[in-house]
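Q: Below is the file upload-v8.cif, with mmCIF, C-alpha atoms.
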data_data
#
loop_
_atom_site.group_PDB
_atom_site.id
_atom_site.type_symbol
_atom_site.label_atom_id
_atom_site.label_comp_id
_atom_site.auth_asym_id
_atom_site.auth_seq_id
_atom_site.Cartn_x
_atom_site.Cartn_y
_atom_site.Cartn_z
ATOM 1 C CA TYR Z 3 83.653 140.946 64.642
ATOM 2 C CA CYS Z 4 81.726 137.699 64.730
ATOM 3 C CA LEU Z 5 80.328 135.639 61.924
ATOM 4 C CA LEU Z 6 77.314 133.745 63.213
ATOM 5 C CA GLY Z 7 75.390 131.026 61.429
ATOM 6 C CA GLY Z 8 74.167 127.462 61.426
ATOM 7 C CA ASN Z 9 76.013 124.273 60.564
ATOM 8 C CA GLY Z 10 77.122 123.979 56.962
ATOM 9 C CA THR Z 11 76.752 127.653 56.088
ATOM 10 C CA GLY Z 12 80.462 128.151 55.318
ATOM 11 C CA LYS Z 13 81.765 129.794 58.506
ATOM 12 C CA SER Z 14 84.731 127.462 59.005
ATOM 13 C CA THR Z 15 85.470 127.547 55.296
ATOM 14 C CA THR Z 16 85.564 131.350 55.450
ATOM 15 C CA LEU Z 17 87.954 131.239 58.387
ATOM 16 C CA SER Z 18 90.204 128.729 56.630
ATOM 17 C CA LEU Z 19 90.288 131.020 53.578
ATOM 18 C CA LEU Z 20 91.174 134.041 55.730
ATOM 19 C CA GLY Z 21 93.878 132.022 57.470
ATOM 20 C CA ARG Z 22 95.175 130.805 54.107
ATOM 21 C CA ILE Z 23 94.650 127.200 55.117
ATOM 22 C CA ARG Z 24 92.560 126.872 51.939
ATOM 23 C CA LYS Z 25 92.778 128.730 48.655
ATOM 24 C CA PRO Z 26 89.707 130.284 47.068
ATOM 25 C CA TYR Z 27 88.348 128.643 43.916
ATOM 26 C CA ARG Z 28 87.642 132.081 42.543
ATOM 27 C CA GLY Z 29 88.049 135.651 43.650
ATOM 28 C CA LYS Z 30 90.779 137.182 45.793
ATOM 29 C CA LEU Z 31 91.128 138.053 49.449
ATOM 30 C CA TYR Z 32 92.918 141.184 50.599
ATOM 31 C CA LEU Z 33 94.469 141.933 53.952
ATOM 32 C CA LYS Z 34 95.705 145.435 54.678
ATOM 33 C CA GLY Z 35 95.419 146.279 50.981
ATOM 34 C CA LYS Z 36 97.597 143.353 49.864
ATOM 35 C CA GLU Z 37 96.335 140.182 48.239
ATOM 36 C CA LEU Z 38 96.448 137.444 50.860
ATOM 37 C CA GLY Z 39 98.181 135.021 48.495
ATOM 38 C CA LYS Z 40 101.070 137.485 47.995
ATOM 39 C CA TYR Z 41 102.149 137.350 51.668
ATOM 40 C CA ARG Z 42 105.095 135.131 52.531
ATOM 41 C CA GLU Z 43 104.239 132.804 55.430
ATOM 42 C CA SER Z 44 106.849 134.516 57.606
ATOM 43 C CA GLU Z 45 105.121 137.869 56.955
ATOM 44 C CA LEU Z 46 101.594 136.636 57.471
ATOM 45 C CA TYR Z 47 101.652 134.298 60.464
ATOM 46 C CA GLY Z 48 102.634 135.859 63.724
ATOM 47 C CA ALA Z 49 103.091 139.499 62.874
ATOM 48 C CA VAL Z 50 99.735 139.855 61.138
ATOM 49 C CA LEU Z 51 97.624 136.734 61.784
ATOM 50 C CA GLY Z 52 97.205 134.378 64.694
ATOM 51 C CA ILE Z 53 94.789 131.462 64.368
ATOM 52 C CA LEU Z 54 93.098 129.631 67.216
ATOM 53 C CA PRO Z 55 91.497 126.522 65.685
ATOM 54 C CA GLN Z 56 88.339 124.831 66.904
ATOM 55 C CA ASN Z 57 90.448 122.047 68.431
ATOM 56 C CA PRO Z 58 93.172 123.758 70.490
ATOM 57 C CA GLN Z 59 94.973 120.430 71.035
ATOM 58 C CA CYS Z 60 96.381 120.616 67.520
ATOM 59 C CA LEU Z 61 98.608 123.519 68.665
ATOM 60 C CA PHE Z 62 100.347 121.557 71.426
ATOM 61 C CA VAL Z 63 103.589 119.760 70.631
ATOM 62 C CA LYS Z 64 105.430 119.603 73.976
ATOM 63 C CA ASP Z 65 104.785 117.695 77.194
ATOM 64 C CA THR Z 66 104.114 120.767 79.350
ATOM 65 C CA VAL Z 67 102.304 124.035 78.768
ATOM 66 C CA GLU Z 68 105.438 125.953 79.735
ATOM 67 C CA LYS Z 69 107.597 124.153 77.143
ATOM 68 C CA ASP Z 70 104.962 124.852 74.492
ATOM 69 C CA LEU Z 71 104.977 128.551 75.390
ATOM 70 C CA ARG Z 72 108.771 128.790 75.524
ATOM 71 C CA GLU Z 73 108.918 127.316 72.039
ATOM 72 C CA MET Z 74 107.030 130.400 70.876
ATOM 73 C CA SER Z 75 109.108 133.016 72.706
ATOM 74 C CA LYS Z 76 112.270 133.324 74.773
ATOM 75 C CA ASP Z 77 111.311 136.822 75.944
ATOM 76 C CA GLU Z 78 110.658 136.365 79.682
ATOM 77 C CA GLU Z 79 108.736 139.618 80.036
ATOM 78 C CA ARG Z 80 106.477 138.774 77.101
ATOM 79 C CA LEU Z 81 105.928 135.272 78.501
ATOM 80 C CA ARG Z 82 104.938 136.652 81.913
ATOM 81 C CA ASP Z 83 102.579 139.173 80.310
ATOM 82 C CA VAL Z 84 100.786 136.570 78.161
ATOM 83 C CA ILE Z 85 100.594 134.070 81.037
ATOM 84 C CA ALA Z 86 99.003 136.760 83.202
ATOM 85 C CA LYS Z 87 96.561 137.865 80.461
ATOM 86 C CA THR Z 88 95.368 134.317 79.863
ATOM 87 C CA GLU Z 89 95.481 133.367 83.549
ATOM 88 C CA ILE Z 90 97.382 130.090 83.067
ATOM 89 C CA GLY Z 91 100.233 130.444 85.571
ATOM 90 C CA HIS Z 92 98.971 127.482 87.593
ATOM 91 C CA LEU Z 93 98.916 125.268 84.458
ATOM 92 C CA LEU Z 94 102.528 125.671 83.314
ATOM 93 C CA ASN Z 95 103.763 122.271 84.565
ATOM 94 C CA SER Z 96 100.726 120.376 83.258
ATOM 95 C CA HIS Z 97 100.605 118.304 80.094
ATOM 96 C CA PRO Z 98 98.351 120.199 77.660
ATOM 97 C CA TYR Z 99 96.195 117.118 77.037
ATOM 98 C CA ASP Z 100 95.473 116.808 80.781
ATOM 99 C CA LEU Z 101 93.792 120.225 80.879
ATOM 100 C CA SER Z 102 90.056 120.868 80.730
ATOM 101 C CA GLY Z 103 88.587 122.281 77.516
ATOM 102 C CA GLY Z 104 88.637 125.825 78.888
ATOM 103 C CA GLU Z 105 92.195 125.479 80.152
ATOM 104 C CA GLN Z 106 93.340 124.131 76.786
ATOM 105 C CA GLN Z 107 91.634 127.069 75.103
ATOM 106 C CA ARG Z 108 93.478 129.542 77.337
ATOM 107 C CA ALA Z 109 96.844 127.794 76.857
ATOM 108 C CA ALA Z 110 96.332 127.702 73.076
ATOM 109 C CA LEU Z 111 95.350 131.379 73.095
ATOM 110 C CA ALA Z 112 98.558 132.126 75.006
ATOM 111 C CA LYS Z 113 100.584 130.399 72.270
ATOM 112 C CA VAL Z 114 98.825 132.463 69.608
ATOM 113 C CA LEU Z 115 99.342 135.695 71.572
ATOM 114 C CA LEU Z 116 103.073 135.043 71.853
ATOM 115 C CA LEU Z 117 103.199 135.527 68.086
ATOM 116 C CA ASN Z 118 102.044 139.100 68.759
ATOM 117 C CA PRO Z 119 99.505 139.144 65.909
ATOM 118 C CA GLU Z 120 97.493 142.175 64.838
ATOM 119 C CA ILE Z 121 94.508 139.951 64.003
ATOM 120 C CA ILE Z 122 93.343 136.793 65.754
ATOM 121 C CA LEU Z 123 91.038 134.370 63.961
ATOM 122 C CA LEU Z 124 88.975 132.259 66.380
ATOM 123 C CA ASP Z 125 87.060 129.175 65.270
ATOM 124 C CA GLU Z 126 84.211 128.375 67.698
ATOM 125 C CA PRO Z 127 86.190 129.490 70.772
ATOM 126 C CA THR Z 128 83.357 128.754 73.233
ATOM 127 C CA LYS Z 129 82.667 125.216 72.037
ATOM 128 C CA GLY Z 130 82.564 122.911 75.064
ATOM 129 C CA LEU Z 131 83.209 125.684 77.599
ATOM 130 C CA ASP Z 132 81.225 126.203 80.777
ATOM 131 C CA ALA Z 133 79.509 129.519 81.509
ATOM 132 C CA GLU Z 134 82.205 130.678 83.933
ATOM 133 C CA TYR Z 135 85.044 130.224 81.478
ATOM 134 C CA LYS Z 136 83.020 131.750 78.632
ATOM 135 C CA GLN Z 137 82.838 134.920 80.705
ATOM 136 C CA GLU Z 138 86.591 134.763 81.421
ATOM 137 C CA LEU Z 139 87.306 134.250 77.716
ATOM 138 C CA GLY Z 140 85.072 137.196 76.838
ATOM 139 C CA GLU Z 141 86.976 139.417 79.283
ATOM 140 C CA ILE Z 142 90.326 138.246 77.871
ATOM 141 C CA LEU Z 143 89.138 139.073 74.345
ATOM 142 C CA LYS Z 144 87.993 142.538 75.456
ATOM 143 C CA LYS Z 145 91.436 143.188 77.020
ATOM 144 C CA LEU Z 146 93.121 142.123 73.786
ATOM 145 C CA GLN Z 147 90.870 144.456 71.843
ATOM 146 C CA GLU Z 148 91.829 147.312 74.189
ATOM 147 C CA HIS Z 149 95.464 146.593 73.281
ATOM 148 C CA GLY Z 150 94.671 147.071 69.589
ATOM 149 C CA ILE Z 151 94.250 143.445 68.540
ATOM 150 C CA THR Z 152 91.495 142.777 66.017
ATOM 151 C CA ILE Z 153 89.432 139.681 66.714
ATOM 152 C CA PHE Z 154 87.492 137.819 64.050
ATOM 153 C CA MET Z 155 85.444 134.954 65.434
ATOM 154 C CA ILE Z 156 83.042 132.438 64.015
ATOM 155 C CA SER Z 157 80.491 130.949 66.366
ATOM 156 C CA HIS Z 158 77.154 129.283 67.020
ATOM 157 C CA ASP Z 159 77.033 130.785 70.526
ATOM 158 C CA VAL Z 160 74.417 133.517 70.203
ATOM 159 C CA GLU Z 161 74.534 134.520 73.890
ATOM 160 C CA PHE Z 162 78.341 134.899 73.936
ATOM 161 C CA VAL Z 163 78.298 136.849 70.686
ATOM 162 C CA ALA Z 164 75.511 139.136 71.928
ATOM 163 C CA GLU Z 165 77.543 140.012 75.000
ATOM 164 C CA TYR Z 166 81.081 140.322 73.607
ATOM 165 C CA ALA Z 167 81.004 141.081 69.877
ATOM 166 C CA ASP Z 168 80.985 144.661 68.633
ATOM 167 C CA ARG Z 169 79.688 143.680 65.210
ATOM 168 C CA VAL Z 170 77.994 140.536 63.979
ATOM 169 C CA GLY Z 171 77.434 139.187 60.512
ATOM 170 C CA LEU Z 172 74.767 136.549 60.004
ATOM 171 C CA PHE Z 173 75.946 133.940 57.538
ATOM 172 C CA PHE Z 174 73.283 131.941 55.683
ATOM 173 C CA GLN Z 175 73.600 130.050 52.400
ATOM 174 C CA GLY Z 176 77.007 131.572 51.643
ATOM 175 C CA ASN Z 177 75.913 135.168 52.128
ATOM 176 C CA VAL Z 178 76.416 137.647 54.966
#
Re-express the file's structure as structure tokens.
A:
Amino acid sequence: YCLLGGNGTGKSTTLSLLGRIRKPYRGKLYLKGKELGKYRESELYGAVLGILPQNPQCLFVKDTVEKDLREMSKDEERLRDVIAKTEIGHLLNSHPYDLSGGEQQRAALAKVLLLNPEIILLDEPTKGLDAEYKQELGEILKKLQEHGITIFMISHDVEFVAEYADRVGLFFQGNV
């Protein structure tokens, strides 16, 4: 599902509410029939939600991609699977900040996937990406969907959304 709209319409705010980064001023959000605020962080993040922010650099804390990934999981089979899905095997010894925008996006997505979430929230995942990597990212997202992962994305990228989203909501002036 993609939420599409112009600047200042509330897309990022919506994503930050869904990811519990912000609290709503009024109303309640429910996830799987349970009020979002009632989840313990250990219940919510990882098993249920994975969040890929607009700036993937904020997810990196180690000096190589491999160390960052190993911080998330010690399961060698899971690591190999996620590295293969995101096609980052050749980047493992690189410092995350030395990667291109698309490579950082893939490495950050790998970190999120190692949490094994049911739902992934993506904030402008194609921002700054070239056409080739946009297509690769779209294929990765389709593979994740085939494995039962729900993807909720906000974007300005009409072409990407038209090709890869199953459903689209148009967000204008706070309304879908």
Q: Taking 2 positions as the minimum chain separation for residues in the same chain, which residues sit within 10 Å of Z:Leu93 when counting all atoms listed in the file? Answer as a VMD selection string.
A: chain Z and resid 66 to 68 85 89 to 91 95 to 98 100 to 101 105 to 106 108 to 109
Q: Please compute the atom CA of Z:Arg82-atom CA of Z:Leu20 distance, one decimal, in Å.
A: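 Atom CA of Z:Arg82 sits 29.7 Å away from atom CA of Z:Leu20.
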Q: At what distance in Å, to one decimal, does atom CA of Z:Ala110 lie from atom CA of Z:Gly7?
A: 24.2 Å
Q: Show which residues sit within 12 Å of Z:Lys40, as a PDB file with C-alpha atoms, keeping the file's coordinate frame. Count only C-alpha atoms, and ignore same-chain residues fewer than 6 positions away.
A:
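The resulting file, part_20.pdb, is shown below:
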ATOM      1  CA  ARG Z  22      95.175 130.805  54.107  1.00  0.00           C
ATOM      2  CA  LYS Z  30      90.779 137.182  45.793  1.00  0.00           C
ATOM      3  CA  LEU Z  31      91.128 138.053  49.449  1.00  0.00           C
ATOM      4  CA  TYR Z  32      92.918 141.184  50.599  1.00  0.00           C
ATOM      5  CA  LEU Z  33      94.469 141.933  53.952  1.00  0.00           C
ATOM      6  CA  LYS Z  34      95.705 145.435  54.678  1.00  0.00           C
ATOM      7  CA  LEU Z  46     101.594 136.636  57.471  1.00  0.00           C
TER       8      LEU Z  46
END
Q: Apply the PyMOL selection byres ((chain Z and resi 136) around 12) to the structure shown and report the selected residues as a PyMOL selection string.
A: chain Z and resi 103-105+107-108+126-135+137-143+159+161-163+165-166
Q: Under the PyMOL selection byres ((chain Z and resi 147) around 12), which residues of this model are included? Write them out as a tab-separated table (two decimals) with C-alpha atoms, in the coordinates of the input.
A:
chain	number	residue	atom	x	y	z
Z	3	TYR	CA	83.65	140.95	64.64
Z	119	PRO	CA	99.50	139.14	65.91
Z	120	GLU	CA	97.49	142.18	64.84
Z	121	ILE	CA	94.51	139.95	64.00
Z	122	ILE	CA	93.34	136.79	65.75
Z	140	GLY	CA	85.07	137.20	76.84
Z	141	GLU	CA	86.98	139.42	79.28
Z	142	ILE	CA	90.33	138.25	77.87
Z	143	LEU	CA	89.14	139.07	74.34
Z	144	LYS	CA	87.99	142.54	75.46
Z	145	LYS	CA	91.44	143.19	77.02
Z	146	LEU	CA	93.12	142.12	73.79
Z	148	GLU	CA	91.83	147.31	74.19
Z	149	HIS	CA	95.46	146.59	73.28
Z	150	GLY	CA	94.67	147.07	69.59
Z	151	ILE	CA	94.25	143.44	68.54
Z	152	THR	CA	91.50	142.78	66.02
Z	153	ILE	CA	89.43	139.68	66.71
Z	154	PHE	CA	87.49	137.82	64.05
Z	166	TYR	CA	81.08	140.32	73.61
Z	167	ALA	CA	81.00	141.08	69.88
Z	168	ASP	CA	80.98	144.66	68.63
Q: Select, from Z:Ile156, Z:Leu94, Z:Val50, Z:Ile23, the residue with the minimum atom-to-atom distance to Z:Asp65, counting only C-alpha atoms.
A: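 Of Z:Ile156, Z:Leu94, Z:Val50, Z:Ile23, the one nearest Z:Asp65 is Z:Leu94, counting only C-alpha atoms.
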Q: So how far away is atom CA of Z:Asp83 from atom CA of Z:Val170, in Å?
A: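 Interatomic distance, atom CA of Z:Val170 to atom CA of Z:Asp83: 29.5 Å.
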Q: Nearest to Z:Pro55 among Z:His158, Z:Leu123, Z:Arg72, Z:Leu172, with distances taken over all atoms listed in the file: which residue is it?
A: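 When distances to Z:Pro55 are compared using all atoms listed in the file, the smallest one comes from Z:Leu123.
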Q: Which residues would end up in the selection if the PyMOL selection byres ((chain Z and resi 13) around 12) were applied here, given that I need the answer as a PyMOL selection string?
A: chain Z and resi 4-12+14-20+56+123-126+154-158+171-178
Q: Just need the box for stretch 143-151 of chain Z, edges along x, y and z, holding every atom the file lists for it with 6 Å tacked onto each side, so centre and edge lengths in Å to one decimal, as AutoDock Vina command-line options.
A:
--center_x 91.7 --center_y 143.2 --center_z 72.8 --size_x 19.5 --size_y 20.2 --size_z 20.5
Q: Please return stretch 39-55 of chain Z, rebuilt to N, CA, C and O atoms, as a compact mmCIF listing (two decimals), in the coordinates of the input.
A:
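Okay, this is what ended up in part00.txt:
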# COMPACT_ATOMS: atom_id res chain seq x y z
N GLY Z 39 97.27 135.99 49.10
CA GLY Z 39 98.18 135.02 48.50
C GLY Z 39 99.58 135.56 48.23
O GLY Z 39 100.51 134.79 47.99
N LYS Z 40 99.76 136.87 48.27
CA LYS Z 40 101.07 137.49 48.00
C LYS Z 40 101.95 137.56 49.25
O LYS Z 40 103.13 137.86 49.16
N TYR Z 41 101.35 137.33 50.43
CA TYR Z 41 102.15 137.35 51.67
C TYR Z 41 103.03 136.10 51.75
O TYR Z 41 102.57 135.00 51.43
N ARG Z 42 104.27 136.27 52.16
CA ARG Z 42 105.10 135.13 52.53
C ARG Z 42 104.59 134.63 53.89
O ARG Z 42 104.10 135.43 54.69
N GLU Z 43 104.71 133.34 54.15
CA GLU Z 43 104.24 132.80 55.43
C GLU Z 43 104.87 133.53 56.61
O GLU Z 43 104.21 133.81 57.60
N SER Z 44 106.15 133.84 56.51
CA SER Z 44 106.85 134.52 57.61
C SER Z 44 106.30 135.92 57.85
O SER Z 44 106.36 136.43 58.96
N GLU Z 45 105.75 136.55 56.82
CA GLU Z 45 105.12 137.87 56.96
C GLU Z 45 103.73 137.77 57.56
O GLU Z 45 103.33 138.59 58.37
N LEU Z 46 103.00 136.74 57.14
CA LEU Z 46 101.59 136.64 57.47
C LEU Z 46 101.36 136.11 58.88
O LEU Z 46 100.66 136.72 59.67
N TYR Z 47 101.93 134.95 59.19
CA TYR Z 47 101.65 134.30 60.46
C TYR Z 47 102.53 134.88 61.55
O TYR Z 47 103.74 135.00 61.40
N GLY Z 48 101.91 135.25 62.62
CA GLY Z 48 102.63 135.86 63.72
C GLY Z 48 102.43 137.35 63.72
O GLY Z 48 101.63 137.87 64.47
N ALA Z 49 103.14 138.04 62.87
CA ALA Z 49 103.09 139.50 62.87
C ALA Z 49 101.71 140.04 62.50
O ALA Z 49 101.26 141.03 63.04
N VAL Z 50 101.03 139.37 61.58
CA VAL Z 50 99.74 139.85 61.14
C VAL Z 50 98.61 138.96 61.67
O VAL Z 50 97.68 139.44 62.30
N LEU Z 51 98.71 137.66 61.43
CA LEU Z 51 97.62 136.73 61.78
C LEU Z 51 98.03 135.72 62.85
O LEU Z 51 99.12 135.16 62.80
N GLY Z 52 97.12 135.49 63.76
CA GLY Z 52 97.20 134.38 64.69
C GLY Z 52 95.91 133.61 64.59
O GLY Z 52 94.83 134.21 64.50
N ILE Z 53 95.99 132.28 64.56
CA ILE Z 53 94.79 131.46 64.37
C ILE Z 53 94.63 130.51 65.54
O ILE Z 53 95.54 129.77 65.88
N LEU Z 54 93.45 130.57 66.15
CA LEU Z 54 93.10 129.63 67.22
C LEU Z 54 92.04 128.70 66.64
O LEU Z 54 90.88 129.08 66.46
N PRO Z 55 92.44 127.45 66.32
CA PRO Z 55 91.50 126.52 65.68
C PRO Z 55 90.44 126.02 66.66
O PRO Z 55 90.55 126.19 67.88
